[in-house]
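Student: Sharing data14.tsv (TSV, C-alpha atoms) below.
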```tsv
chain	number	residue	atom	x	y	z
O	1	MET	CA	232.20	46.47	130.04
O	2	GLN	CA	232.96	43.26	128.15
O	3	LYS	CA	230.35	40.51	127.91
O	4	SER	CA	231.12	36.93	126.98
O	5	THR	CA	229.71	33.46	127.27
O	6	LEU	CA	231.80	30.51	128.37
O	7	THR	CA	230.96	26.90	127.62
O	8	VAL	CA	232.14	24.71	130.47
O	9	ASP	CA	231.38	21.03	130.01
O	10	ARG	CA	227.56	20.90	130.09
O	11	PHE	CA	226.99	24.53	131.03
O	12	GLU	CA	226.75	27.89	129.27
O	13	ILE	CA	228.04	30.59	131.61
O	14	PRO	CA	227.50	34.33	131.01
O	15	SER	CA	230.25	36.64	132.21
O	16	MET	CA	231.03	40.36	132.35
O	17	VAL	CA	234.24	42.27	133.04
O	18	PHE	CA	234.25	45.90	134.17
O	19	GLY	CA	237.14	48.35	134.42
O	20	ASN	CA	240.69	48.61	133.13
O	21	GLY	CA	242.92	47.84	136.11
O	22	ASP	CA	246.01	45.66	136.02
O	23	ARG	CA	244.60	43.17	138.53
O	24	LEU	CA	241.46	41.04	138.23
O	25	LEU	CA	238.93	40.65	141.05
O	26	VAL	CA	236.68	37.65	140.41
O	27	CYS	CA	233.39	37.78	142.31
O	28	VAL	CA	231.96	34.37	143.21
O	29	ASN	CA	228.19	34.37	143.76
O	30	GLY	CA	226.49	32.82	146.72
O	31	MET	CA	223.66	30.35	146.34
O	32	GLN	CA	220.69	31.85	144.48
O	33	GLN	CA	222.59	35.07	143.75
O	34	THR	CA	223.37	36.49	140.34
O	35	MET	CA	225.97	38.82	138.89
O	36	ALA	CA	223.70	41.74	139.83
O	37	SER	CA	224.49	41.23	143.52
O	38	TRP	CA	228.00	42.64	142.94
O	39	ARG	CA	227.01	46.12	141.65
O	40	SER	CA	228.46	47.97	144.64
O	41	VAL	CA	231.75	46.05	144.33
O	42	VAL	CA	231.95	46.98	140.64
O	43	ARG	CA	231.31	50.64	141.45
O	44	HIS	CA	233.92	50.66	144.19
O	45	PHE	CA	236.77	48.76	142.50
O	46	ALA	CA	236.36	49.02	138.72
O	47	VAL	CA	235.48	52.71	138.61
O	48	ARG	CA	238.56	53.64	140.66
O	49	GLY	CA	240.82	51.85	138.18
O	50	ALA	CA	242.70	49.53	140.53
O	51	TYR	CA	240.98	46.36	139.33
O	52	ARG	CA	239.07	44.82	136.52
O	53	VAL	CA	236.06	43.13	138.11
O	54	ALA	CA	234.82	39.84	136.65
O	55	LEU	CA	231.30	38.56	137.27
O	56	PHE	CA	229.64	35.35	136.14
O	57	ASP	CA	226.57	33.28	136.93
O	58	PHE	CA	226.91	29.70	138.12
O	59	PRO	CA	224.70	27.04	136.51
O	60	ALA	CA	221.09	27.26	137.74
O	61	GLN	CA	221.58	30.97	138.54
O	62	GLY	CA	220.75	34.07	136.54
O	63	ARG	CA	221.23	33.64	132.79
O	64	ALA	CA	223.44	30.51	132.99
O	65	ARG	CA	222.08	27.46	131.24
O	66	CYS	CA	222.45	23.73	131.59
O	67	LEU	CA	222.96	22.40	128.06
O	68	HIS	CA	222.31	18.75	128.94
O	69	GLY	CA	222.03	16.45	131.92
O	70	ALA	CA	220.59	17.05	135.35
O	71	GLU	CA	219.95	20.56	136.66
O	72	CYS	CA	221.80	19.56	139.85
O	73	VAL	CA	225.30	21.07	140.07
O	74	SER	CA	228.03	19.54	142.23
O	75	VAL	CA	230.72	21.44	144.12
O	76	ASP	CA	233.30	19.93	141.76
O	77	GLU	CA	231.37	21.35	138.78
O	78	GLN	CA	231.17	24.76	140.46
O	79	VAL	CA	234.94	24.73	141.00
O	80	GLN	CA	235.36	23.70	137.35
O	81	VAL	CA	233.21	26.66	136.26
O	82	LEU	CA	235.25	29.03	138.45
O	83	ARG	CA	238.49	27.61	136.99
O	84	ALA	CA	237.20	28.22	133.45
O	85	ALA	CA	236.14	31.77	134.33
O	86	VAL	CA	239.53	32.59	135.88
O	87	ASP	CA	241.37	31.09	132.90
O	88	ALA	CA	239.22	32.84	130.30
O	89	LEU	CA	239.02	36.25	131.94
O	90	SER	CA	242.37	36.81	133.66
O	91	GLY	CA	244.88	36.87	130.82
O	92	ASP	CA	248.22	37.47	132.55
O	93	ALA	CA	246.69	39.57	135.34
O	94	PRO	CA	247.04	38.60	138.99
O	95	VAL	CA	243.72	37.26	140.30
O	96	ALA	CA	241.96	37.91	143.60
O	97	LEU	CA	238.77	36.07	144.55
O	98	ILE	CA	235.92	37.37	146.66
O	99	GLY	CA	233.04	35.08	147.53
O	100	GLY	CA	229.68	35.81	149.05
O	101	SER	CA	228.11	33.16	151.29
O	102	TRP	CA	228.28	29.84	149.41
O	103	GLY	CA	230.56	31.53	146.87
O	104	ALA	CA	233.21	31.81	149.60
O	105	VAL	CA	233.07	28.03	150.04
O	106	VAL	CA	233.50	27.50	146.29
O	107	ALA	CA	236.34	30.06	146.20
O	108	ALA	CA	238.08	28.27	149.09
O	109	ALA	CA	237.73	24.89	147.34
O	110	PHE	CA	239.16	26.46	144.17
O	111	ALA	CA	242.11	27.97	146.09
O	112	ALA	CA	242.84	24.63	147.77
O	113	ARG	CA	242.85	22.81	144.43
O	114	HIS	CA	244.65	25.51	142.43
O	115	PRO	CA	247.00	27.29	144.85
O	116	ARG	CA	249.12	28.92	142.12
O	117	SER	CA	246.22	30.59	140.28
```
Go through the file and emit its structure as structure tokens.
Tutor:
Amino acid sequence: MQKSTLTVDRFEIPSMVFGNGDRLLVCVNGMQQTMASWRSVVRHFAVRGAYRVALFDFPAQGRARCLHGAECVSVDEQVQVLRAAVDALSGDAPVALIGGSWGAVVAAAFAARHPRS
């Protein structure tokens, strides 16, 4: 497991990557969920070696922090956080996104704005 912290504009975002696979699966939390909600996905994909599994907390969730400004987080800011996580954690690996609940909406917005990622 690799832990890191990303600074994205006005947010501090904790992240973790599990496994050693060639491909990266980025898990996108739903509203009021944290990285912990993806434990079964980590066990299934990272342990079997097919994927590295990346987890992070959005602002106002889990251990993420707002460094300044309002605690309110827009969809555009959530997409920006996801973009930063993908960029920082993927290296040259192909990326697959999986979103739970609201995270699926954010993942779809990301895919629409960044179709080649």
Student: By how many Å are atom CA of Asp9 of chain O and atom CA of Arg39 of chain O apart?
Tutor: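 One can read the atom CA of Asp9 of chain O to atom CA of Arg39 of chain O distance as 28.0 Å.
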Student: Just the residues within 8 Å of segment 70-79 of chain O, please, counting all atoms listed in the file, with nothing from its chain fewer than 3 positions along; format it as number ranges by chain.
Tutor: O: 58-60, 66, 82-83, 106-107, 109-110
Student: Give me the residues within 10 Å of Pro14 of chain O as a ChimeraX atom specification, counting all atoms listed in the file and dropping any in the same chain fewer than 5 places off.
Tutor: /O:3-7,35,55-59,62-65,85
Student: Find the distance between atom CA of Arg113 of chain O and atom CA of Asp87 of chain O and write it in Å to one decimal.
Tutor: 14.3 Å
Student: Given only C-alpha atoms as the basis, pick out the residue of O:Ser101, O:Leu67, O:Ala46, O:Ala111 nearest to Gln33 of chain O.
Tutor: O:Ser101
Student: Using only C-alpha atoms for the distances, tell me which of O:Gly100, O:Pro94, O:Gly30, O:Pro115 is nearest to Arg52 of chain O.
Tutor: O:Pro94
Student: So which one's closest to Asp92 of chain O, O:Arg23, O:Arg48, O:His68, O:Arg116? Using only C-alpha atoms, please.
Tutor: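 The shortest atom-to-atom distance to Asp92 of chain O comes from O:Arg23.
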Student: Between O:Val41, O:Val86, O:Val28, O:Ala50, which residue has the minimum interatomic distance to Gly103 of chain O, considering all atoms listed in the file?
Tutor: O:Val28
Student: As an exercise, work out the distance from atom CA of Gln2 of chain O to atom CA of Leu89 of chain O in Å and give it to one decimal place.
Tutor: 10.0 Å
Student: Calculated over only C-alpha atoms, which of the candidates O:Val53, O:Ile98, O:Val81, O:Ala112 has the smallest distance to Asp22 of chain O?
Tutor: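 Distance minimum relative to Asp22 of chain O lands on O:Val53.
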